[in-house]
There are 2 protein chains.
Amino acid sequence: MREVCVIGLGMNKWGELWDKSLRDIFVEAALEAMDDAGVDKIDSMYVGCMSSGLFVHQEHLGSLLADYLGVNPIPCTRVESACASGGAAVRAGFIEVASGISDIVLAGGVEKMTDVSVDGATFALATAADQEYEVYQGVTFPGLYAMMARAHMEKYGTTREQLAQVAVKNHKHGSMNPLAQFPMKITVEQVINSVMVADPLTVLDCSPITDGAAAIILCSLEKAKELGLKKPLVKIIGSAQATDTIALHSRDDLTFLKATQKAGEVAFKMANKKPSDIHLAEVHDCFTIAELIVLESLGLTEKGEAGKATENGMTTLGGKIPINTSGGLKSKGHPVGATGVAQIVEITKQLRGEAGKRQVKNAKVGLAQNMGGSGGSTVVHILEVA
Amino acid sequence: MREVCVIGLGMNKWGELWDKSLRDIFVEAALEAMDDAGVDKIDSMYVGCMSSGLFVHQEHLGSLLADYLGVNPIPCTRVESACASGGAAVRAGFIEVASGISDIVLAGGVEKMTDVSVDGATFALATAADQEYEVYQGVTFPGLYAMMARAHMEKYGTTREQLAQVAVKNHKHGSMNPLAQFPMKITVEQVINSVMVADPLTVLDCSPITDGAAAIILCSLEKAKELGLKKPLVKIIGSAQATDTIALHSRDDLTFLKATQKAGEVAFKMANKKPSDIHLAEVHDCFTIAELIVLESLGLTEKGEAGKATENGMTTLGGKIPINTSGGLKSKGHPVGATGVAQIVEITKQLRGEAGKRQVKNAKVGLAQNMGGSGGSTVVHILEVA
């Protein structure tokens with residue numbers, strides 16, 4: 001296997017992009033990534049997208065987007081793993097470069113979610129859960145994560161305020177990210193008093209519906225050195241993916257995410273790192289409770305301790321291990337297929353020292369964790385300055 | 001890159017499987033493939049599926065199917081390239097084994113198409129075309145291929161009877177395949193006089209709506225030798241994928257498929273073979289005209305000659321190069337995400353000498369060509385007895 005670097009980054013301003021179609025959004029990010037890498041030719045392309053079929057009635061994104069980007073006849077494949085589709089696209093690109101089949105691969109992600117009604121988006125997102133066993137019974141995603149939150153509060157004494165702190169922190173980080181959908185700062189009181197969605201989660205505990213795309217250029221280390229790039233090279237030193245039961249009712253423990261643990265374990269081993277070596281991480285905070293359980297499942301905090309760690313500022317910029325400096329899904333937005341790719345964009349920016357106001361000092365090793373559904377799939381990447 | 005073999009095959013009886021859900025169908029084929037390979041453990045899994053979101057309101061198939069197959073926490077990713085999703089899944093598995101990341105990978109494909117109304121299926125399939133530029137204008141897939149047929153008839157003098165001969169041949173082959181959805185023999189007169197769908201294509205020129213799955217087990221050559229398998233080893237010696245414009249109106253020539261040509265060219269080069277080295281092929285006959293244009297685009301016949309070659313029996317079992325001995329999409333059925341995987345099942349069966357009544361004598365090298373939409377994406381694999 002060859003060593004693989006991230007050499008180009010692209011991401012547009014996320015939000016409700018009424019004036020752009022899915023293809024416009026994707027191509028903006030892809031061209032920016034190619035420009036950032038200084039390459040005008042790619043060998044292959046992967047696109048992470050959860051449900052363009054349900055959101056905009058368009059499948060076959062590989063052909064559509066390679067065509068619109070003007071790069072056909074290169075191979076282009078869409079990969080899907082619900083909200084972990086972006087991470088899965090990055091991993092597919094990583095494997096292709098590592099294998100030696102291609103030198104330069106674009107891994108992108110996109111979702112155009114606002115073209116359907118609100119009911120439509122909730123319906124489309126619910127297809128990440130078990131349609132026949134869970135959704136048919138009336139459960140929604142906020143409902144699934146609310147059950148996880150209740151179980152965590154019961155088992156570990158995690159407080160309502162600690163959940164809210166996750167949102168407050170991520171909005172604080174997002175206020176320094178010019179590409180974030182909701183860059184306003186919020187308070188614990190605002191989170192707790194906002195509209196109830198699924199008790200105990202209010203609307204400010206939930207990530208939003210977003211249109212957006214992100215793209216990265218992956219390249220073999222050897223080829224990257226030949227290209228003589230000016231920006232610091234960032235290597236992917238760990239890449240892992242794992243699955244768990246899709247339905248929540250099949251799990252032993254609602255307060256832990258086995259797929260996240262497994263993917264983390266494999267990625268740490270591959271990277272020859274341990275949780276304490278990580279300087280910053282982007283994790284999948286689709287709901288505030290998700291961030292806490294993910295931190296515990298990755299071993300970045302002890303079990304049951306993530307709420308307190310958040311309260312104590314350990315995960316805030318300036319703390320021991322800043323989490324979601326980009327604003328996370330919560331403030332930056334969550335165009336589901338793009339999220340996993342945008343995490344790699346943020347980690348790479350940080351490791352390059354290009355994160356501006358939200359720069360983590362001396363960041364050399366970062367982790368990205370992207371999750372599908374209620375944790376039925378997870379992709380973890382570990383990156384390091386080359 | 002490591003050498004990669006196909007060591008296990010699974011496919012169920014295709015048709016209108018009202019009593020089974022998508023997960024049942026997939027797991028049947030997957031278990032059969034594992035059993036055929038004699039392995040009870042796989043390292044990773046890919047699932048090709050075009051539109052489970054629109055057909056059965058279920059995304060996140062990686063988690064769903066790994067769970068139902070009982071193999072979590074292994075990585076499992078869905079890949080999509082419209083009707084070439086199965087071929088793309090095989091290619092993703094091939095790359096993963098070739099890279100050295102995994103030794104044993106299951107590549108499967110599935111589509112459950114009959115749970116929606118006929119209108120629903122036509123709508124879902126149309127998402128493989130350009131929704132904004134083509135489908136919005138009212139075009140359907142039979143309409144797109146009918147335009148290609150008209151152009152081919154005009155340019156090369158291809159006759160209505162020659163188109164019908166493709167269907168007649170594939171049903172003749174399919175009559176020897178116990179897993180085919182429509183194993184009845186048909187005549188040229190029946191094809192021409194059946195219900196018109198899009199002039200000149202009648203219903204018997206079109207592949208059907210099908211529920212079905214197929215799966216293969218991919219393994220590194222080294223590992224396969226260690227396993228001491230009893231069945232002949234079949235190697236994948238060429239794997240390529242290419243894209244073209246998604247919309248038909250953007251192409252220079254309606255009578256040729258550039259993505260098929262490109263994928264064929266790259267696969268032949270990788271395999272160090274030429275078209276005349278191929279003993280049999282499975283190609284994407286979603287409509288009768290498609291088979292003719294594909295044969296010409298791959299260089300298996302000269303341009304404009306595939307109609308005559310079909311008429312003369314060159315592509316029939318016993319002819320110079322038997323095409324679609326399985327019955328093809330036309331007779332065997334076309335559960336879109338499964339088709340590309342089932343092609344590899346058929347080629348491998350033939351190369352192993354396990355094809356029964358439809359066995360091609362002395363078959364050592366076979367090719368599979370799987371295509372998305374109106375040819376906007378194509379995957380080509382070349383296989384050889386190890």
# chains A, B, ... in the order shown; residues from 1 in each chain; ligands from 1
$ interface_residues --of "chain A" --to "chain B" --cutoff "7 Å" --atoms "only C-alpha atoms" --output "number ranges by chain"
A: 1, 51, 53-54, 57-60, 62-64, 67, 72-82, 95-96, 98-100, 127-128, 131, 241-246, 259, 376-377
$ write_last_selection --atoms "N, CA and C atoms" --output "short mmCIF file (atom, residue, chain, number, x, y, z; two decimals), in the first residue's frame"
data_model
loop_
_atom_site.label_atom_id
_atom_site.label_comp_id
_atom_site.auth_asym_id
_atom_site.auth_seq_id
_atom_site.Cartn_x
_atom_site.Cartn_y
_atom_site.Cartn_z
N MET A 1 0.82 -1.22 0.00
CA MET A 1 0.00 0.00 0.00
C MET A 1 0.85 1.26 0.00
N SER A 51 -28.95 10.67 -0.36
CA SER A 51 -30.22 10.37 -1.02
C SER A 51 -30.64 11.42 -2.02
N GLY A 53 -31.74 10.70 -4.74
CA GLY A 53 -32.97 10.15 -5.33
C GLY A 53 -34.20 10.71 -4.65
N LEU A 54 -34.22 10.70 -3.32
CA LEU A 54 -35.39 11.21 -2.60
C LEU A 54 -35.40 12.74 -2.53
N HIS A 57 -34.60 13.72 -6.84
CA HIS A 57 -34.97 12.80 -7.92
C HIS A 57 -33.88 12.62 -8.96
N GLN A 58 -32.66 12.51 -8.48
CA GLN A 58 -31.53 12.31 -9.39
C GLN A 58 -30.60 11.26 -8.81
N GLU A 59 -30.45 10.11 -9.49
CA GLU A 59 -29.39 9.16 -9.14
C GLU A 59 -28.32 9.31 -10.22
N HIS A 60 -27.41 8.37 -10.29
CA HIS A 60 -26.37 8.37 -11.33
C HIS A 60 -25.48 9.61 -11.23
N GLY A 62 -22.44 9.90 -10.43
CA GLY A 62 -21.08 9.74 -10.98
C GLY A 62 -21.01 10.32 -12.38
N SER A 63 -21.94 9.91 -13.21
CA SER A 63 -21.97 10.40 -14.59
C SER A 63 -22.34 11.89 -14.62
N LEU A 64 -23.37 12.26 -13.88
CA LEU A 64 -23.84 13.66 -13.88
C LEU A 64 -22.74 14.63 -13.50
N ASP A 67 -19.52 14.71 -15.74
CA ASP A 67 -19.90 15.44 -16.95
C ASP A 67 -19.89 16.95 -16.69
N ASN A 72 -15.22 13.90 -17.71
CA ASN A 72 -15.42 12.57 -18.29
C ASN A 72 -14.39 12.38 -19.41
N PRO A 73 -13.90 11.18 -19.70
CA PRO A 73 -14.42 9.87 -19.32
C PRO A 73 -13.82 9.24 -18.05
N ILE A 74 -13.28 10.00 -17.11
CA ILE A 74 -12.69 9.34 -15.94
C ILE A 74 -13.77 8.61 -15.13
N PRO A 75 -13.35 7.56 -14.41
CA PRO A 75 -14.32 6.84 -13.58
C PRO A 75 -14.84 7.74 -12.46
N CYS A 76 -16.11 7.64 -12.18
CA CYS A 76 -16.68 8.39 -11.05
C CYS A 76 -17.80 7.57 -10.44
N THR A 77 -17.71 7.31 -9.16
CA THR A 77 -18.68 6.47 -8.47
C THR A 77 -19.25 7.19 -7.27
N ARG A 78 -20.55 7.07 -7.10
CA ARG A 78 -21.18 7.57 -5.88
C ARG A 78 -21.13 6.47 -4.81
N VAL A 79 -20.79 6.88 -3.60
CA VAL A 79 -20.87 5.92 -2.50
C VAL A 79 -21.85 6.46 -1.46
N GLU A 80 -22.51 5.52 -0.79
CA GLU A 80 -23.55 5.93 0.16
C GLU A 80 -23.44 5.12 1.43
N SER A 81 -23.43 5.81 2.53
CA SER A 81 -23.56 5.15 3.83
C SER A 81 -24.30 6.12 4.74
N ALA A 82 -25.49 6.53 4.27
CA ALA A 82 -26.33 7.52 4.95
C ALA A 82 -25.48 8.77 5.25
N ILE A 95 -8.38 4.30 -0.64
CA ILE A 95 -8.04 2.93 -1.04
C ILE A 95 -7.54 2.89 -2.49
N GLU A 96 -8.20 3.68 -3.35
CA GLU A 96 -7.80 3.66 -4.77
C GLU A 96 -6.39 4.19 -4.96
N ALA A 98 -4.06 4.33 -2.53
CA ALA A 98 -3.17 3.40 -1.82
C ALA A 98 -2.87 2.16 -2.66
N SER A 99 -3.87 1.71 -3.44
CA SER A 99 -3.71 0.49 -4.24
C SER A 99 -2.74 0.67 -5.40
N GLY A 100 -2.54 1.93 -5.82
CA GLY A 100 -1.68 2.17 -6.98
C GLY A 100 -2.45 2.28 -8.28
N THR A 127 -34.79 7.28 6.05
CA THR A 127 -34.39 6.08 5.29
C THR A 127 -32.99 5.60 5.70
N ALA A 128 -32.32 6.35 6.58
CA ALA A 128 -31.05 5.90 7.16
C ALA A 128 -31.28 4.97 8.35
N GLN A 131 -36.25 1.02 7.83
CA GLN A 131 -37.57 1.43 7.35
C GLN A 131 -38.67 0.48 7.83
N GLN A 241 -13.44 1.81 8.71
CA GLN A 241 -14.90 1.89 8.60
C GLN A 241 -15.47 0.68 9.33
N ALA A 242 -16.62 0.86 9.96
CA ALA A 242 -17.24 -0.27 10.65
C ALA A 242 -18.75 -0.12 10.64
N THR A 243 -19.43 -1.24 10.88
CA THR A 243 -20.90 -1.24 10.94
C THR A 243 -21.38 -1.75 12.29
N ASP A 244 -22.62 -1.41 12.59
CA ASP A 244 -23.31 -1.92 13.78
C ASP A 244 -24.74 -2.24 13.34
N THR A 245 -25.55 -2.77 14.20
CA THR A 245 -26.96 -3.00 13.86
C THR A 245 -27.55 -1.67 13.40
N ILE A 246 -28.39 -1.71 12.37
CA ILE A 246 -29.01 -0.46 11.90
C ILE A 246 -30.07 -0.02 12.91
N ALA A 259 -19.84 0.70 16.43
CA ALA A 259 -19.18 0.90 15.13
C ALA A 259 -18.12 1.99 15.24
N GLY A 376 -25.20 3.17 12.79
CA GLY A 376 -25.10 1.88 12.10
C GLY A 376 -23.86 1.76 11.23
N SER A 377 -23.26 2.89 10.88
CA SER A 377 -21.98 2.86 10.17
C SER A 377 -21.13 4.03 10.62
#
$ select_by_dssp --residues "segment 106-267 of chain B" --states "strand (DSSP E)" --output "ChimeraX atom specification"
/B:106-112,196-198,201-202,211-220,234-243
$ residues_around --residues "segment 298-302 of chain A" --least-positions-apart "6" --cutoff "8 Å" --atoms "only C-alpha atoms" --output "mmCIF file with C-alpha atoms, in the first residue's frame"
data_model
loop_
_atom_site.group_PDB
_atom_site.id
_atom_site.type_symbol
_atom_site.label_atom_id
_atom_site.label_comp_id
_atom_site.auth_asym_id
_atom_site.auth_seq_id
_atom_site.Cartn_x
_atom_site.Cartn_y
_atom_site.Cartn_z
ATOM 1 C CA THR A 260 -17.450 4.104 16.244
ATOM 2 C CA GLN A 261 -15.380 2.190 18.770
ATOM 3 C CA GLY A 264 -11.554 4.123 15.936
ATOM 4 C CA GLU A 265 -9.666 1.076 17.168
ATOM 5 C CA PRO A 275 -6.361 8.731 21.677
ATOM 6 C CA SER A 276 -3.992 10.889 23.721
ATOM 7 C CA ALA A 309 -15.385 17.313 29.793
#
$ closest_residue --among "A:Lys308, A:Lys361, A:His171, A:His284" --to "Thr159 of chain A" --atoms "only C-alpha atoms"
A:Lys308
$ closest_residue --among "A:Ile278, A:Leu17, A:Ile382, A:Val139" --to "Met113 of chain A" --atoms "only C-alpha atoms"
A:Leu17
$ closest_residue --among "B:Gly304, B:Gly157, B:Gly38, B:Gly238" --to "Thr255 of chain B" --atoms "only C-alpha atoms"
B:Gly304
$ residues_around --residues "segment 24-32 of chain A" --least-positions-apart "5" --cutoff "12 Å" --atoms "only C-alpha atoms" --output "PyMOL selection string"
chain A and resi 7-19+37-42+45-49+61-62+64-71+105-113+179+210-217+335+337-338+341-342+345
$ residues_around --residues "His334 of chain A" --least-positions-apart "3" --cutoff "7 Å" --atoms "only C-alpha atoms" --output "PDB file with C-alpha atoms, in the first residue's frame"
ATOM      1  CA  SER A 207     -28.141  19.881  13.308  1.00  0.00           C
ATOM      2  CA  PRO A 208     -29.952  21.700  10.490  1.00  0.00           C
ATOM      3  CA  ILE A 209     -31.136  20.819   6.965  1.00  0.00           C
ATOM      4  CA  THR A 210     -28.476  22.154   4.596  1.00  0.00           C
ATOM      5  CA  LEU A 329     -22.713  19.683  11.972  1.00  0.00           C
ATOM      6  CA  THR A 339     -20.319  16.289   6.005  1.00  0.00           C
TER       7      THR A 339
END
$ select_by_dssp --residues "segment 83-203 of chain B" --states "helix (DSSP H, G or I)" --output "JSON, numbers by chain"
{"B": [85, 86, 87, 88, 89, 90, 91, 92, 93, 94, 95, 96, 97, 98, 99, 118, 119, 120, 121, 122, 123, 124, 125, 126, 135, 136, 137, 141, 142, 143, 144, 145, 146, 147, 148, 149, 150, 151, 152, 153, 154, 155, 156, 160, 161, 162, 163, 164, 165, 166, 167, 168, 169, 170, 171, 172, 173, 174, 188, 189, 190, 191, 192, 193, 203]}
$ atom_distance --atom1 "atom CA of Ala363 of chain B" --atom2 "atom CA of Leu257 of chain B"
26.7 Å
$ atom_distance --atom1 "atom CA of Ser239 of chain A" --atom2 "atom CA of Tyr145 of chain A"
26.1 Å
$ residues_around --residues "Lys235 of chain B" --least-positions-apart "6" --cutoff "7 Å" --atoms "only C-alpha atoms" --output "PyMOL selection string"
chain B and resi 4-6+383-386
$ atom_distance --atom1 "atom CA of Cys206 of chain A" --atom2 "atom CA of Gln350 of chain A"
25.3 Å
$ residues_around --residues "Glu161 of chain B" --least-positions-apart "2" --cutoff "10 Å" --atoms "only C-alpha atoms" --output "PyMOL selection string"
chain B and resi 158-159+163-166+188-189+191-192+307+311
$ closest_residue --among "A:Ile347, A:Val294, A:Val197, A:Leu254" --to "Leu280 of chain A" --atoms "only C-alpha atoms"
A:Ile347
